[in-house]
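Participant: If you scroll down you'll find the structure; I have some questions about it.
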Amino acid sequence: MKQVLHIFAKDVRRFWPEILVSLAITTALVCAVSHLYSLPMRTHWISPEDDAREGKLRALTSLITLLLPVSWWLLIARVIYAESLVGDRQYWLTRPYDWKKLLGAKMTFIAAFVYLPLVLAQGVMLSAVGLNPFASIPGMLFNLLLITGVFVLPVVAIATVTSSFFRMTLTLLCVLIGVGAMAAHSSGNSNNGFYSESLDGVFYQLRTYLSPAHLLPSGNQLSLALLLLAVCSIAIVLQYTLRRTWLSRLVLLGAPVVLCVVVFAFPHRALSDQAEMNRDFPPPTAGTPAPVQISDGRDDHHPLIRHRDSPWDNFVWVKVPLHLSPIPEGTAIVSDDLEVTVTNASGVSWSGKVLDLYPKEFLPSSSNVSGHWPEQSRRADFKMPLDVYDRLKSGPVNLHLTLALTELKATQVIRIPFPTHDVFVSGVGVCGPNVVGAGNIRCRSAFREPHFTYVSAEWSFTPCPTSQTAVGEVRGPTWAGLVYSEPAELGITPIMSSWVDFMPDHNNPTGGEYLCTGTPITFSQYKPVRRTQASLTIRNLDLSEQQ
């Protein structure tokens with residue numbers, strides 16, 4: 001322990017300028033974020049003065065947020081190179097340190113001047129927006145785990161196997177180029193909505209093609225962090241114990257090699273493969289039927305639509321009305337993906353992905369009155385290549401739809417008056433009006449967005465009384481939060497924002513036309529309970545040109 005403290009104290013004396021720079025940037029970030037979230041509420045949607053002030057402050061916050069990990073990089077590199085592990089002519093080798101104590105001293109330094117300032121800064125930022133830092137400890141710890149695996153340990157590992165700061169910088173540049181290439185490749189091959197994110201595509205392929213990949217957790221952030229943490233930890237310990245640089249470098253190359261093989265050697269398989277659909281969304285059985293049944297929704301008010309946006313388009317839009325069976329109270333359903341297959345009597349078949357199912361969230365019919373587009377009606381929109389359409393439109397076809405569903409159950413319901421200022425909503429965060437007098441609420445939560453939440457209001461059929469004022473409707477999303485989320489998102493700033501907009505044909509269980517200040521609003525939170533699928537076959541469908 002004495003040797004650990006000796007090395008730690010020596011590093012503090014030697015690198016105090018770098019420490020002060022890192023602490024100054026951390027302090028500046030706290031001040032910028034606190035000031036950004038303390039700006040007065042807007043009174044108009046379009047205000048050049050407010051936009052300019054907020055834009056400059058957000059740009060400054062983003063710049064400081066970028067500078068903070070750069071300061072960590074410099075600080076970590078300097079402290080590791082103080083006792084360089086590459087070569088055999090370093091001064092510290094003449095008075096050998098025990099490798100465990102040397103490594104312990106370096107980790108203590110990083111904990112004291114990277115992790116501790118970050119934790120304190122995040123606590124202050126959360127307090128500044130009205131969130132309790134102590135209630136956010138699980139998310140904070142998860143966030144630190146992500147930062148450790150994705151940033152800190154890789155920087156430490158690269159510093160231990162390179163001989164100079166220049167070579168470390170060159171190595172990091174190569175890593176960034178490789179990550180960019182993998183992201184571009186994965187994004188380019190992922191042409192469907194369910195795996196549109198490059199990181200999702202990479203880890204989906206990992207779990208698909210590698211035999212031990214089932215050991216990876218489903219959360220892609222955590223998967224990446226644990227993979228890098230394991231590889232970097234092994235390389236660091238090997239280098240400190242044996243000081244065999246090439247062996248440690250080979251270990252470090254393991255992670256990018258595995259990712260490159262998975263991304264570039266195997267094409268990304270789309271979800272249209274029925275075996276993969278059945279694996280990710282198991283078909284319903286007699287004991288566990290689908291939570292909703294789909295049927296043909298065509299009628300006089302909702303006909304089948306076929307059209308081209310312009311004569312130059314090489315595809316035809318096909319829009320199929322659907323009807324949903326009622327779902328139980330306390331349940332919500334989200335459509336994750338939808339496949340379509342069209343086949344004619346001659347055996348000509350075409351399969352594709354439905355690009356839009358509007359709306360994609362399902363609620364019990366009593367939970368929503370949406371007039372023009374009833375809650376139990378949906379429309380599946382997909383593009384059919386023009387040459388395929390020309391071959392299939394001449395006669396009746398069979399259209400088969402497979403809908404991937406996530407079933408959710410209500411966990412808690414919170415009712416508050418429509419906020420005129422920031423108020424705390426349990427399970428959601430601190431919520432308040434985004435613009436004074438408008439039906440738009442912004443909620444701030446710690447480290448991640450809240451669980452999937454439906455927000456509804458008791459709209460009135462009559463104009464607001466004199467004691468209340470009407471809230472202007474806003475066209476936008478009616479749900480907040482995420483269906484699937486990890487305890488924290490990877491990031492330095494701990495504050496996450498989400499928005500809910502109110503409009504007469506959504507989040508309106510009463511069917512009224514007026515939304516008044518002081519009106520009760522309800523936050524209904526949902527958590528996923530299972531994934532499954534539902535299917536529908538429409539026979540003898542006419543795809544001929546619409547009159």
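Every chain in the structure tokens has a letter given in the order shown (A, B, ...), and although residue numbers restart at 1 in each chain, ligands are simply numbered from 1 in the order shown.
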Quick one: residues within 7 Å of Ile416 in chain A, only C-alpha atoms, excluding same-chain residues fewer than 2 positions away - as a list in words?

Facilitator: Ile414, Phe418, Pro520, Ile521 and Thr522 of chain A

Participant: When DSSP works through the backbone of this structure, what residues of range 374-423 of chain A end up as alpha helix (DSSP H), shown as JSON, numbers by chain?

Facilitator: {"A": [386, 387, 388, 389, 390, 391, 392]}

Participant: Find the residue from A:Arg78, A:Arg379, A:Arg442, A:His400 that sits nearest to Thr420 in chain A; use only C-alpha atoms when measuring.

Facilitator: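 The shortest atom-to-atom distance to Thr420 in chain A comes from A:Arg442.
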
Participant: So that I can check the surroundings of Leu392 in chain A, please list as a short mmCIF file (atom, residue, chain, number, x, y, z; two decimals) with C-alpha atoms, in the first residue's frame every protein, DNA and RNA residue that reaches within 12 Å of it, counting only C-alpha atoms and ignoring chain neighbours fewer than 6 positions away.

Facilitator:
data_model
loop_
_atom_site.label_atom_id
_atom_site.label_comp_id
_atom_site.auth_asym_id
_atom_site.auth_seq_id
_atom_site.Cartn_x
_atom_site.Cartn_y
_atom_site.Cartn_z
CA VAL A 316 -46.07 1.73 -56.45
CA THR A 341 -45.84 -11.52 -49.31
CA VAL A 342 -47.93 -11.18 -52.48
CA THR A 343 -48.58 -14.27 -54.65
CA ASN A 344 -50.74 -14.72 -57.77
CA ALA A 345 -52.38 -17.83 -59.21
CA SER A 346 -49.40 -18.45 -61.53
CA GLY A 347 -47.02 -18.74 -58.59
CA VAL A 348 -45.34 -15.36 -59.08
CA SER A 349 -44.42 -14.15 -55.59
CA TRP A 350 -42.92 -11.03 -54.09
CA MET A 384 -43.91 -2.65 -54.55
CA PRO A 385 -41.41 -2.41 -57.44
CA LEU A 386 -43.16 -1.21 -60.58
CA ASN A 398 -53.18 -13.49 -52.12
CA LEU A 399 -51.60 -11.05 -49.68
CA ASN A 540 -58.37 -12.65 -54.14
CA LEU A 541 -57.17 -9.09 -53.66
CA ASP A 542 -57.42 -6.86 -56.74
CA LEU A 543 -54.26 -4.79 -57.31
CA SER A 544 -55.46 -3.21 -60.56
CA GLU A 545 -55.05 0.49 -61.07
#

Participant: Tell me which of A:Pro433, A:Pro328, A:Gly427, A:Pro359 sits closest to Lys409 in chain A, counting only C-alpha atoms.

Facilitator: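 When distances to Lys409 in chain A are compared using only C-alpha atoms, the smallest one comes from A:Pro328.
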
Participant: Near Asn143 in chain A, within 7 Å and counting only C-alpha atoms, which residues show up once chain neighbours fewer than 5 positions away are dropped, as number ranges by chain?

Facilitator: A: 488-490

Participant: Using only C-alpha atoms, which residue out of A:Gly429, A:Tyr514, A:Arg531, A:Cys31 lies closest to Ser136 in chain A?

Facilitator: A:Gly429

Participant: Identify, with DSSP run on backbone atoms, the residues in range 360-426 of chain A assigned to strand (DSSP E or B), and express the list as a ChimeraX atom specification.

Facilitator: /A:361-362,377-385,397-417,423-425

Participant: Give me the residues within 12 Å of Phe424 in chain A as a VMD selection string, counting only C-alpha atoms and dropping any in the same chain fewer than 3 places off.

Facilitator: chain A and resid 129 to 132 414 to 417 419 421 427 to 432 442 to 445 523

Participant: So that I have them on file, write out the residues from the current selection with C-alpha atoms, as a tab-separated table (two decimals), in the first residue's frame.

Facilitator:
chain	number	residue	atom	x	y	z
A	129	VAL	CA	-32.80	20.09	-13.01
A	130	GLY	CA	-34.66	18.78	-9.97
A	131	LEU	CA	-33.66	15.10	-10.15
A	132	ASN	CA	-32.44	13.19	-7.11
A	414	ILE	CA	-49.83	8.82	-12.42
A	415	ARG	CA	-52.33	11.70	-12.62
A	416	ILE	CA	-51.33	15.36	-12.27
A	417	PRO	CA	-52.86	18.68	-13.34
A	419	PRO	CA	-48.24	21.49	-15.53
A	421	HIS	CA	-44.13	24.74	-14.29
A	427	GLY	CA	-41.13	6.95	-12.94
A	428	VAL	CA	-40.88	9.61	-15.64
A	429	GLY	CA	-38.84	12.54	-14.33
A	430	VAL	CA	-39.25	16.29	-14.10
A	431	CYS	CA	-41.94	17.45	-16.54
A	432	GLY	CA	-43.04	20.91	-17.54
A	442	ARG	CA	-40.94	18.15	-21.97
A	443	CYS	CA	-39.74	15.62	-19.41
A	444	ARG	CA	-36.19	15.24	-18.12
A	445	SER	CA	-34.98	11.94	-16.75
A	523	PHE	CA	-49.10	9.11	-17.40

Participant: If we count only C-alpha atoms and set the cut-off at 9 Å, which residues sit around Leu401 in chain A, ignoring sequence neighbours fewer than 3 positions away in its own chain? Please answer as a VMD selection string.

Facilitator: chain A and resid 338 to 342 354 534 to 538

Participant: What lies within 12 Å of Pro138 in chain A using only C-alpha atoms, ignoring chain neighbours under 3 positions off, as number ranges by chain?

Facilitator: A: 133-135, 141-145, 446-448, 486-488

Participant: Interatomic distance between CA of Ala290 in chain A and CA of Asp336 in chain A?

Facilitator: 14.3 Å

Participant: Please report the interatomic distance between CA of Ile147 in chain A and CA of Ile80 in chain A in Å with one decimal.

Facilitator: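 Interatomic distance here is 18.4 Å.
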
Participant: My list of candidates is A:Pro509, A:Pro283, A:Met496, A:Gly518. Which is closest to Thr469 in chain A when distances are computed with only C-alpha atoms?

Facilitator: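 Ranked by minimum distance to Thr469 in chain A, first place goes to A:Gly518.
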
Participant: Go through A:Trp499, A:Phe315, A:Phe362, A:Tyr526 one by one, measure the shortest atom-to-atom distance of each to Gln412 in chain A using only C-alpha atoms, and give the residue with the smallest value.

Facilitator: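 Once distances to Gln412 in chain A are computed over only C-alpha atoms, the minimum belongs to A:Tyr526.
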
Participant: Go through A:Asp98, A:Ala121, A:Lys106, A:Leu116 and flag the residue nearest Pro494 in chain A, using only C-alpha atoms for the distances.

Facilitator: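 That would be A:Ala121, the residue with the smallest distance to Pro494 in chain A.
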
Participant: Could you jot down the CA of Val161 in chain A to CA of Asp11 in chain A separation for me, Å, one decimal place?

Facilitator: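 We find that CA of Val161 in chain A and CA of Asp11 in chain A lie 19.8 Å from each other.
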